[in-house]
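Novice: Just one file: run-v4.pdb, with PDB, C-alpha atoms and all ligand atoms.
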```pdb
ATOM      1  CA  MET Y  15     105.175 107.919  81.034  1.00  0.00           C
ATOM      2  CA  GLU Y  16     108.116 106.653  83.077  1.00  0.00           C
ATOM      3  CA  LYS Y  17     107.422 103.266  84.669  1.00  0.00           C
ATOM      4  CA  VAL Y  18     107.175 103.187  88.469  1.00  0.00           C
ATOM      5  CA  GLU Y  19     107.531  99.961  90.440  1.00  0.00           C
ATOM      6  CA  TYR Y  20     105.351  99.907  93.516  1.00  0.00           C
ATOM      7  CA  VAL Y  21     104.273  97.540  96.254  1.00  0.00           C
ATOM      8  CA  VAL Y  22     100.942  97.508  98.131  1.00  0.00           C
ATOM      9  CA  ARG Y  23     100.875  96.167 101.693  1.00  0.00           C
ATOM     10  CA  PRO Y  24      99.245  96.819 105.095  1.00  0.00           C
ATOM     11  CA  ILE Y  25     100.529  99.828 107.005  1.00  0.00           C
ATOM     12  CA  ALA Y  26     103.296  98.738 109.374  1.00  0.00           C
ATOM     13  CA  SER Y  27     104.018 101.472 111.928  1.00  0.00           C
ATOM     14  CA  GLU Y  28     102.846 104.720 113.464  1.00  0.00           C
ATOM     15  CA  ASP Y  29     105.660 106.437 111.557  1.00  0.00           C
ATOM     16  CA  GLU Y  30     104.005 105.265 108.349  1.00  0.00           C
ATOM     17  CA  LEU Y  31     100.679 106.536 109.701  1.00  0.00           C
ATOM     18  CA  LYS Y  32     102.224 110.017 109.973  1.00  0.00           C
ATOM     19  CA  LYS Y  33     103.307 109.826 106.313  1.00  0.00           C
ATOM     20  CA  VAL Y  34      99.765 108.795 105.343  1.00  0.00           C
ATOM     21  CA  ILE Y  35      98.332 111.794 107.209  1.00  0.00           C
ATOM     22  CA  GLU Y  36     100.758 114.050 105.305  1.00  0.00           C
ATOM     23  CA  ILE Y  37      99.511 112.632 101.985  1.00  0.00           C
ATOM     24  CA  ASN Y  38      95.904 113.149 103.091  1.00  0.00           C
ATOM     25  CA  ALA Y  39      96.717 116.777 103.976  1.00  0.00           C
ATOM     26  CA  VAL Y  40      97.879 117.575 100.427  1.00  0.00           C
ATOM     27  CA  THR Y  41      95.430 115.466  98.406  1.00  0.00           C
ATOM     28  CA  LEU Y  42      91.982 115.720  99.993  1.00  0.00           C
ATOM     29  CA  PRO Y  43      89.825 118.338 101.721  1.00  0.00           C
ATOM     30  CA  GLU Y  44      88.613 115.748 104.272  1.00  0.00           C
ATOM     31  CA  HIS Y  45      90.944 115.571 107.282  1.00  0.00           C
ATOM     32  CA  TYR Y  46      90.453 113.675 110.517  1.00  0.00           C
ATOM     33  CA  PRO Y  47      91.615 113.883 114.131  1.00  0.00           C
ATOM     34  CA  TYR Y  48      94.592 111.679 114.979  1.00  0.00           C
ATOM     35  CA  PHE Y  49      92.532 109.296 117.135  1.00  0.00           C
ATOM     36  CA  PHE Y  50      90.367 108.484 114.101  1.00  0.00           C
ATOM     37  CA  TRP Y  51      93.407 107.464 112.037  1.00  0.00           C
ATOM     38  CA  LEU Y  52      94.785 105.543 114.999  1.00  0.00           C
ATOM     39  CA  GLU Y  53      91.495 103.653 115.465  1.00  0.00           C
ATOM     40  CA  HIS Y  54      91.725 102.334 111.898  1.00  0.00           C
ATOM     41  CA  TYR Y  55      95.413 101.597 112.306  1.00  0.00           C
ATOM     42  CA  GLU Y  56      94.764  99.585 115.465  1.00  0.00           C
ATOM     43  CA  LEU Y  57      91.530  97.821 114.532  1.00  0.00           C
ATOM     44  CA  TRP Y  58      91.666  97.231 110.762  1.00  0.00           C
ATOM     45  CA  ARG Y  59      95.339  97.186 109.805  1.00  0.00           C
ATOM     46  CA  ASP Y  60      94.742  94.415 107.231  1.00  0.00           C
ATOM     47  CA  ILE Y  61      92.620  96.819 105.217  1.00  0.00           C
ATOM     48  CA  PHE Y  62      94.618  99.980 105.912  1.00  0.00           C
ATOM     49  CA  LEU Y  63      96.991  99.738 102.982  1.00  0.00           C
ATOM     50  CA  VAL Y  64      99.930 101.777 101.752  1.00  0.00           C
ATOM     51  CA  ALA Y  65     101.556 101.873  98.312  1.00  0.00           C
ATOM     52  CA  LEU Y  66     105.343 102.239  98.279  1.00  0.00           C
ATOM     53  CA  ALA Y  67     107.555 103.329  95.401  1.00  0.00           C
ATOM     54  CA  GLY Y  68     110.951 102.288  96.710  1.00  0.00           C
ATOM     55  CA  GLU Y  69     110.988 103.415 100.344  1.00  0.00           C
ATOM     56  CA  ARG Y  70     108.477 106.199  99.833  1.00  0.00           C
ATOM     57  CA  ILE Y  71     104.793 105.987 100.700  1.00  0.00           C
ATOM     58  CA  VAL Y  72     102.972 107.404  97.679  1.00  0.00           C
ATOM     59  CA  GLY Y  73      99.388 106.361  98.377  1.00  0.00           C
ATOM     60  CA  TYR Y  74      97.073 104.833 100.954  1.00  0.00           C
ATOM     61  CA  ASN Y  75      93.651 103.265 101.368  1.00  0.00           C
ATOM     62  CA  MET Y  76      92.091 103.387 104.847  1.00  0.00           C
ATOM     63  CA  CYS Y  77      89.072 101.108 105.314  1.00  0.00           C
ATOM     64  CA  ARG Y  78      86.924  99.739 108.123  1.00  0.00           C
ATOM     65  CA  ILE Y  79      84.377  96.983 108.692  1.00  0.00           C
ATOM     66  CA  GLU Y  80      80.793  97.738 109.760  1.00  0.00           C
ATOM     67  CA  TYR Y  81      77.430  96.016 110.068  1.00  0.00           C
ATOM     68  CA  GLY Y  82      74.512  97.766 108.429  1.00  0.00           C
ATOM     69  CA  VAL Y  83      71.561  97.627 106.081  1.00  0.00           C
ATOM     70  CA  GLY Y  84      72.891  96.373 102.756  1.00  0.00           C
ATOM     71  CA  HIS Y  85      73.364  98.837  99.903  1.00  0.00           C
ATOM     72  CA  VAL Y  86      73.394  96.078  97.291  1.00  0.00           C
ATOM     73  CA  LYS Y  87      72.472  93.010  99.358  1.00  0.00           C
ATOM     74  CA  ARG Y  88      69.323  92.478 101.422  1.00  0.00           C
ATOM     75  CA  GLY Y  89      69.073  92.733 105.190  1.00  0.00           C
ATOM     76  CA  ILE Y  90      71.810  93.467 107.710  1.00  0.00           C
ATOM     77  CA  VAL Y  91      75.174  92.659 106.173  1.00  0.00           C
ATOM     78  CA  LYS Y  92      78.868  92.941 106.890  1.00  0.00           C
ATOM     79  CA  GLN Y  93      80.268  95.877 104.948  1.00  0.00           C
ATOM     80  CA  GLY Y  94      83.725  97.050 104.054  1.00  0.00           C
ATOM     81  CA  HIS Y  95      83.797 100.869 104.080  1.00  0.00           C
ATOM     82  CA  VAL Y  96      86.460 102.727 102.107  1.00  0.00           C
ATOM     83  CA  VAL Y  97      86.964 105.771 104.344  1.00  0.00           C
ATOM     84  CA  SER Y  98      89.853 107.547 102.602  1.00  0.00           C
ATOM     85  CA  ILE Y  99      92.025 106.763  99.579  1.00  0.00           C
ATOM     86  CA  ALA Y 100      94.594 108.931  97.806  1.00  0.00           C
ATOM     87  CA  VAL Y 101      97.673 108.756  95.617  1.00  0.00           C
ATOM     88  CA  LEU Y 102     100.261 111.560  95.366  1.00  0.00           C
ATOM     89  CA  PRO Y 103      99.708 113.573  92.143  1.00  0.00           C
ATOM     90  CA  GLU Y 104     103.034 112.596  90.527  1.00  0.00           C
ATOM     91  CA  PHE Y 105     102.226 108.869  90.958  1.00  0.00           C
ATOM     92  CA  ARG Y 106      98.693 108.904  89.551  1.00  0.00           C
ATOM     93  CA  GLN Y 107      97.315 107.053  86.515  1.00  0.00           C
ATOM     94  CA  ARG Y 108      99.676 104.138  86.934  1.00  0.00           C
ATOM     95  CA  GLY Y 109      97.216 101.709  88.488  1.00  0.00           C
ATOM     96  CA  ILE Y 110      98.186 102.386  92.111  1.00  0.00           C
ATOM     97  CA  ALA Y 111      94.655 103.212  93.337  1.00  0.00           C
ATOM     98  CA  THR Y 112      93.332 100.170  91.470  1.00  0.00           C
ATOM     99  CA  ALA Y 113      95.872  97.986  93.288  1.00  0.00           C
ATOM    100  CA  LEU Y 114      95.001  99.628  96.643  1.00  0.00           C
ATOM    101  CA  MET Y 115      91.299  98.968  96.040  1.00  0.00           C
ATOM    102  CA  THR Y 116      91.539  95.387  94.743  1.00  0.00           C
ATOM    103  CA  SER Y 117      93.845  94.371  97.557  1.00  0.00           C
ATOM    104  CA  ALA Y 118      91.551  95.934 100.200  1.00  0.00           C
ATOM    105  CA  MET Y 119      88.442  94.307  98.676  1.00  0.00           C
ATOM    106  CA  ASN Y 120      90.193  90.940  98.666  1.00  0.00           C
ATOM    107  CA  SER Y 121      91.051  91.223 102.360  1.00  0.00           C
ATOM    108  CA  MET Y 122      87.562  92.530 103.239  1.00  0.00           C
ATOM    109  CA  LYS Y 123      86.134  89.351 101.761  1.00  0.00           C
ATOM    110  CA  LYS Y 124      88.758  86.772 102.716  1.00  0.00           C
ATOM    111  CA  LYS Y 125      89.834  88.008 106.160  1.00  0.00           C
ATOM    112  CA  TYR Y 126      86.617  89.622 107.390  1.00  0.00           C
ATOM    113  CA  GLY Y 127      83.944  87.787 105.383  1.00  0.00           C
ATOM    114  CA  ALA Y 128      82.428  91.090 104.230  1.00  0.00           C
ATOM    115  CA  ASP Y 129      79.419  90.786 101.892  1.00  0.00           C
ATOM    116  CA  GLU Y 130      79.759  94.142 100.168  1.00  0.00           C
ATOM    117  CA  VAL Y 131      81.902  97.262  99.993  1.00  0.00           C
ATOM    118  CA  TYR Y 132      80.775 100.891  99.878  1.00  0.00           C
ATOM    119  CA  LEU Y 133      82.147 104.412  99.855  1.00  0.00           C
ATOM    120  CA  GLU Y 134      81.200 108.054  99.454  1.00  0.00           C
ATOM    121  CA  VAL Y 135      82.600 110.231  96.683  1.00  0.00           C
ATOM    122  CA  ARG Y 136      82.064 113.883  95.702  1.00  0.00           C
ATOM    123  CA  VAL Y 137      79.690 114.132  92.739  1.00  0.00           C
ATOM    124  CA  SER Y 138      82.340 116.292  90.985  1.00  0.00           C
ATOM    125  CA  ASN Y 139      85.222 113.808  91.496  1.00  0.00           C
ATOM    126  CA  GLU Y 140      85.255 112.222  88.048  1.00  0.00           C
ATOM    127  CA  PRO Y 141      88.630 110.462  88.271  1.00  0.00           C
ATOM    128  CA  ALA Y 142      87.530 108.683  91.451  1.00  0.00           C
ATOM    129  CA  ILE Y 143      84.016 107.880  90.151  1.00  0.00           C
ATOM    130  CA  ARG Y 144      85.575 106.332  87.005  1.00  0.00           C
ATOM    131  CA  LEU Y 145      88.014 104.345  89.104  1.00  0.00           C
ATOM    132  CA  TYR Y 146      85.170 102.908  91.216  1.00  0.00           C
ATOM    133  CA  GLU Y 147      82.949 102.218  88.186  1.00  0.00           C
ATOM    134  CA  LYS Y 148      85.835 100.404  86.538  1.00  0.00           C
ATOM    135  CA  LEU Y 149      86.050  98.265  89.680  1.00  0.00           C
ATOM    136  CA  GLY Y 150      82.347  97.375  89.433  1.00  0.00           C
ATOM    137  CA  PHE Y 151      80.868  99.895  91.888  1.00  0.00           C
ATOM    138  CA  LYS Y 152      77.446 101.360  91.125  1.00  0.00           C
ATOM    139  CA  LYS Y 153      75.968 104.672  92.282  1.00  0.00           C
ATOM    140  CA  VAL Y 154      73.356 103.668  94.874  1.00  0.00           C
ATOM    141  CA  ARG Y 155      72.068 107.090  95.953  1.00  0.00           C
ATOM    142  CA  VAL Y 156      72.950 110.750  96.372  1.00  0.00           C
ATOM    143  CA  LEU Y 157      73.788 111.934  99.900  1.00  0.00           C
ATOM    144  CA  LYS Y 158      72.679 115.565  99.894  1.00  0.00           C
ATOM    145  CA  ARG Y 159      75.196 118.090 101.318  1.00  0.00           C
ATOM    146  CA  TYR Y 160      77.352 115.236 102.619  1.00  0.00           C
ATOM    147  CA  TYR Y 161      80.527 117.340 102.668  1.00  0.00           C
ATOM    148  CA  LEU Y 162      81.232 120.314 104.940  1.00  0.00           C
ATOM    149  CA  ASP Y 163      81.361 122.694 101.990  1.00  0.00           C
ATOM    150  CA  GLY Y 164      77.845 121.608 100.973  1.00  0.00           C
ATOM    151  CA  GLU Y 165      78.744 119.337  98.032  1.00  0.00           C
ATOM    152  CA  ASP Y 166      76.675 116.167  97.525  1.00  0.00           C
ATOM    153  CA  ALA Y 167      78.180 112.676  97.569  1.00  0.00           C
ATOM    154  CA  TYR Y 168      77.357 109.550  95.637  1.00  0.00           C
ATOM    155  CA  LEU Y 169      77.167 106.488  97.788  1.00  0.00           C
ATOM    156  CA  MET Y 170      78.702 103.793  95.606  1.00  0.00           C
ATOM    157  CA  ALA Y 171      78.768 100.074  96.393  1.00  0.00           C
ATOM    158  CA  ARG Y 172      79.361  96.610  95.017  1.00  0.00           C
ATOM    159  CA  GLU Y 173      79.085  93.026  96.164  1.00  0.00           C
ATOM    160  CA  LEU Y 174      82.189  91.207  97.304  1.00  0.00           C
TER     161      LEU Y 174
HETATM  162  C1  LIG H   1      91.211 109.060  92.536  1.00  0.00           C
HETATM  163  C2  LIG H   1      92.676 108.610  92.678  1.00  0.00           C
HETATM  164  C3  LIG H   1      92.820 107.883  94.023  1.00  0.00           C
HETATM  165  C4  LIG H   1      93.012 107.662  91.516  1.00  0.00           C
HETATM  166  O1  LIG H   1      94.336 107.181  91.707  1.00  0.00           O
HETATM  167  P1  LIG H   1      95.214 106.574  90.524  1.00  0.00           P
HETATM  168  O2  LIG H   1      96.317 105.790  91.129  1.00  0.00           O
HETATM  169  O3  LIG H   1      95.577 107.660  89.578  1.00  0.00           O
HETATM  170  O4  LIG H   1      94.153 105.577  89.805  1.00  0.00           O
HETATM  171  P2  LIG H   1      94.494 104.414  88.762  1.00  0.00           P
HETATM  172  O5  LIG H   1      95.769 104.711  88.032  1.00  0.00           O
HETATM  173  O6  LIG H   1      94.383 103.105  89.457  1.00  0.00           O
HETATM  174  O7  LIG H   1      93.273 104.606  87.740  1.00  0.00           O
HETATM  175  C5  LIG H   1      92.273 103.648  87.548  1.00  0.00           C
HETATM  176  C6  LIG H   1      91.154 104.225  86.701  1.00  0.00           C
HETATM  177  O8  LIG H   1      90.592 105.372  87.330  1.00  0.00           O
HETATM  178  C7  LIG H   1      90.183 106.321  86.338  1.00  0.00           C
HETATM  179  N1  LIG H   1      90.974 107.540  86.471  1.00  0.00           N
HETATM  180  C8  LIG H   1      92.027 107.756  87.283  1.00  0.00           C
HETATM  181  N2  LIG H   1      92.469 109.029  87.148  1.00  0.00           N
HETATM  182  C9  LIG H   1      91.679 109.613  86.223  1.00  0.00           C
HETATM  183  C10 LIG H   1      91.639 110.930  85.656  1.00  0.00           C
HETATM  184  N3  LIG H   1      92.494 111.888  86.017  1.00  0.00           N
HETATM  185  N4  LIG H   1      90.665 111.187  84.756  1.00  0.00           N
HETATM  186  C11 LIG H   1      89.778 110.239  84.380  1.00  0.00           C
HETATM  187  N5  LIG H   1      89.779 108.983  84.874  1.00  0.00           N
HETATM  188  C12 LIG H   1      90.721 108.681  85.791  1.00  0.00           C
HETATM  189  C13 LIG H   1      90.449 105.669  85.005  1.00  0.00           C
HETATM  190  O9  LIG H   1      89.292 104.956  84.645  1.00  0.00           O
HETATM  191  C14 LIG H   1      91.577 104.719  85.344  1.00  0.00           C
HETATM  192  O10 LIG H   1      91.645 103.640  84.483  1.00  0.00           O
HETATM  193  P3  LIG H   1      92.551 103.764  83.126  1.00  0.00           P
HETATM  194  O11 LIG H   1      93.937 104.109  83.589  1.00  0.00           O
HETATM  195  O12 LIG H   1      92.450 102.418  82.512  1.00  0.00           O
HETATM  196  O13 LIG H   1      91.933 104.851  82.330  1.00  0.00           O
HETATM  197  C15 LIG H   1      93.646 109.831  92.597  1.00  0.00           C
HETATM  198  O14 LIG H   1      93.300 110.618  91.494  1.00  0.00           O
HETATM  199  C16 LIG H   1      93.651 110.700  93.843  1.00  0.00           C
HETATM  200  O15 LIG H   1      94.405 110.455  94.791  1.00  0.00           O
HETATM  201  N6  LIG H   1      92.808 111.764  93.846  1.00  0.00           N
HETATM  202  C17 LIG H   1      92.763 112.686  94.998  1.00  0.00           C
HETATM  203  C18 LIG H   1      92.143 112.012  96.203  1.00  0.00           C
HETATM  204  C19 LIG H   1      90.747 111.496  95.897  1.00  0.00           C
HETATM  205  O16 LIG H   1      89.978 112.117  95.188  1.00  0.00           O
HETATM  206  N7  LIG H   1      90.426 110.342  96.473  1.00  0.00           N
HETATM  207  C20 LIG H   1      89.127 109.711  96.299  1.00  0.00           C
HETATM  208  C21 LIG H   1      88.161 110.254  97.284  1.00  0.00           C
HETATM  209  S1  LIG H   1      86.606 109.409  97.204  1.00  0.00           S
END
```
Output the file's structure as structure tokens, nothing else.
Ligand SMILES: CC(C)(COP(=O)(O)OP(=O)(O)OC[C@H]1O[C@@H](n2cnc3c(N)ncnc32)[C@H](O)[C@@H]1OP(=O)(O)O)[C@@H](O)C(=O)NCCC(=O)NCCS
Specialist:
Amino acid sequence: MEKVEYVVRPIASEDELKKVIEINAVTLPEHYPYFFWLEHYELWRDIFLVALAGERIVGYNMCRIEYGVGHVKRGIVKQGHVVSIAVLPEFRQRGIATALMTSAMNSMKKKYGADEVYLEVRVSNEPAIRLYEKLGFKKVRVLKRYYLDGEDAYLMAREL
């Protein structure tokens, strides 16, 4: 496989946000209204990351910070939530999603003091489930009919 150099950094402009939305449109069935993207862009830019190969955005990881009942820790905790992550098909299996996840988890802990990180994933999405397991996430529970088409999700989480 040809080697691709890439850089992971926080999203920098609304123009980049539009590119991210284009990637989401072709890689995932879950789409969101513009204000939802903009909310993450404005409030949690440190953990809204893009991966660039040269000048081109080839992947993204949009996260947020919440308070809630811990999935792996006890009581009410500060949680990083991975809302949406994707890499363009031709740039996959080169470690880009791993870099997007490790960088986001680092910032969740260091910049926001988050105690744990969690996400939802389709029970059929094996590449993503493997990625998260490799990063130390565990399946915490099944969320029945979580997706609009009726598919269940695993809620997966790990300590930070
Ligand atoms: C899931 C996704 C983000 C992974 O991106 P990626 O950049 O290819 O991931 P990485 O190269 O960092 O892979 C890390 C690990 O994930 C697992 N993995 C990734 N793609 C895989 C595949 N097609 N089959 C099996 N395991 C896979 C492997 O364990 C891999 O480690 P390895 O290379 O040592 O085997 C990408 O496939 C994608 O964008 N899918 C569509 C969108 C999506 O499903 N997002 C997740 C929603 S919850």
Novice: On this file, the PyMOL selection byres (((chain Y and resi 168-173) around 8) and not hetatm) gives some set of residues; write that set as a list in words.
Specialist: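 Evaluating the PyMOL selection byres (((chain Y and resi 168-173) around 8) and not hetatm) on these coordinates yields His85, Val86, Lys87, Asp129, Glu130, Val131, Tyr132, Leu133, Glu134, Val135, Arg136, Val137, Tyr146, Gly150, Phe151, Lys152, Lys153, Val154, Arg155, Val156, Leu157, Asp166, Ala167 and Leu174 of chain Y.
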Novice: When the cut-off is 7 Å and you count only C-alpha atoms and all ligand atoms, which residues lie near ligand LIG 1 (chain H), shown as a PyMOL selection string?
Specialist: chain Y and resi 41-42+98-103+105-113+134-136+139-142+144-145+148
Novice: Using the chain letters and numbering of this document, enumerate as a list in words the residues selected by the PyMOL selection byres (((chain Y and resi 20) around 10) and not hetatm).
Specialist: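 For this structure, the PyMOL selection byres (((chain Y and resi 20) around 10) and not hetatm) resolves to Lys17, Val18, Glu19, Val21, Val22, Ala65, Leu66, Ala67, Gly68, Glu69, Arg70, Ile71, Val72, Phe105, Arg108, Gly109, Ile110 and Ala113 of chain Y.
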Novice: For a quick check of understanding, using only C-alpha atoms, which of Y:Phe50, Y:Tyr81, Y:Phe62, Y:Tyr74 has the smallest distance to Ala128 (chain Y)?
Specialist: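 When distances to Ala128 (chain Y) are compared using only C-alpha atoms, the smallest one comes from Y:Tyr81.
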Novice: Grab the CA of Ile61 (chain Y) to CA of Ser27 (chain Y) distance for me, in Å with one decimal place.
Specialist: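 Calculated distance between CA of Ile61 (chain Y) and CA of Ser27 (chain Y) is 14.0 Å.
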Novice: If I take CA of Met122 (chain Y) and CA of Val91 (chain Y), how far is one from the other in Å, to one decimal?
Specialist: 12.7 Å
Novice: Could you tell me how far CA of Phe49 (chain Y) lies from CA of Pro24 (chain Y), in Å and to one decimal?
Specialist: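 Interatomic distance, CA of Phe49 (chain Y) to CA of Pro24 (chain Y): 18.6 Å.
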Novice: Kindly extract all protein, DNA and RNA residues lying within 9 Å of the coordinates (103.7, 102.7, 106.8) given in the file, considering all atoms listed in the file, and supply them as a count of residues only.
Specialist: 17
Novice: Expand the PyMOL selection byres (((chain Y and resi 53) around 12) and not hetatm) into the explicit residue set it covers here, and present it as a compact mmCIF listing (two decimals) with C-alpha atoms, keeping the file's coordinate frame.
Specialist:
```txt
# COMPACT_ATOMS: atom_id res chain seq x y z
CA GLU Y 28 102.85 104.72 113.46
CA LEU Y 31 100.68 106.54 109.70
CA TYR Y 46 90.45 113.68 110.52
CA PRO Y 47 91.62 113.88 114.13
CA TYR Y 48 94.59 111.68 114.98
CA PHE Y 49 92.53 109.30 117.14
CA PHE Y 50 90.37 108.48 114.10
CA TRP Y 51 93.41 107.46 112.04
CA LEU Y 52 94.78 105.54 115.00
CA HIS Y 54 91.72 102.33 111.90
CA TYR Y 55 95.41 101.60 112.31
CA GLU Y 56 94.76 99.58 115.46
CA LEU Y 57 91.53 97.82 114.53
CA TRP Y 58 91.67 97.23 110.76
CA ARG Y 59 95.34 97.19 109.80
CA PHE Y 62 94.62 99.98 105.91
CA MET Y 76 92.09 103.39 104.85
CA CYS Y 77 89.07 101.11 105.31
CA ARG Y 78 86.92 99.74 108.12
CA ILE Y 79 84.38 96.98 108.69
```
Novice: Would you mind telling me which residue in Y:Tyr161, Y:Gly73, Y:Glu16, Y:Gly82 lies nearest to Ser138 (chain Y) when using all atoms listed in the file?
Specialist: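 Selected residue with least distance to Ser138 (chain Y): Y:Tyr161.
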Novice: Just save region 119-133 of chain Y with N, CA and C atoms, as a compact mmCIF listing (two decimals), in the first residue's frame.
Specialist:
```
# COMPACT_ATOMS: atom_id res chain seq x y z
N MET Y 119 -8.72 11.85 22.50
CA MET Y 119 -8.76 11.35 23.90
C MET Y 119 -7.74 12.08 24.77
N ASN Y 120 -6.59 12.37 24.17
CA ASN Y 120 -5.58 13.16 24.89
C ASN Y 120 -6.10 14.53 25.29
N SER Y 121 -6.73 15.21 24.33
CA SER Y 121 -7.27 16.56 24.62
C SER Y 121 -8.45 16.50 25.59
N MET Y 122 -9.28 15.46 25.46
CA MET Y 122 -10.42 15.31 26.40
C MET Y 122 -9.88 15.29 27.83
N LYS Y 123 -8.79 14.55 28.01
CA LYS Y 123 -8.23 14.40 29.36
C LYS Y 123 -7.46 15.65 29.79
N LYS Y 124 -6.55 16.10 28.93
CA LYS Y 124 -5.64 17.18 29.33
C LYS Y 124 -6.31 18.55 29.33
N LYS Y 125 -7.14 18.83 28.32
CA LYS Y 125 -7.73 20.17 28.22
C LYS Y 125 -9.05 20.28 28.96
N TYR Y 126 -9.80 19.18 29.04
CA TYR Y 126 -11.13 19.25 29.66
C TYR Y 126 -11.22 18.47 30.96
N GLY Y 127 -10.18 17.71 31.30
CA GLY Y 127 -10.22 16.92 32.53
C GLY Y 127 -11.29 15.84 32.52
N ALA Y 128 -11.59 15.30 31.32
CA ALA Y 128 -12.62 14.26 31.24
C ALA Y 128 -12.13 12.97 31.92
N ASP Y 129 -13.07 12.26 32.55
CA ASP Y 129 -12.74 11.03 33.29
C ASP Y 129 -12.84 9.79 32.41
N GLU Y 130 -13.72 9.86 31.41
CA GLU Y 130 -13.93 8.71 30.53
C GLU Y 130 -14.39 9.18 29.16
N VAL Y 131 -14.39 8.27 28.21
CA VAL Y 131 -14.83 8.58 26.85
C VAL Y 131 -15.80 7.49 26.43
N TYR Y 132 -16.86 7.88 25.70
CA TYR Y 132 -17.80 6.87 25.22
C TYR Y 132 -18.29 7.20 23.82
N LEU Y 133 -18.93 6.22 23.20
CA LEU Y 133 -19.45 6.39 21.85
C LEU Y 133 -20.50 5.32 21.58
```
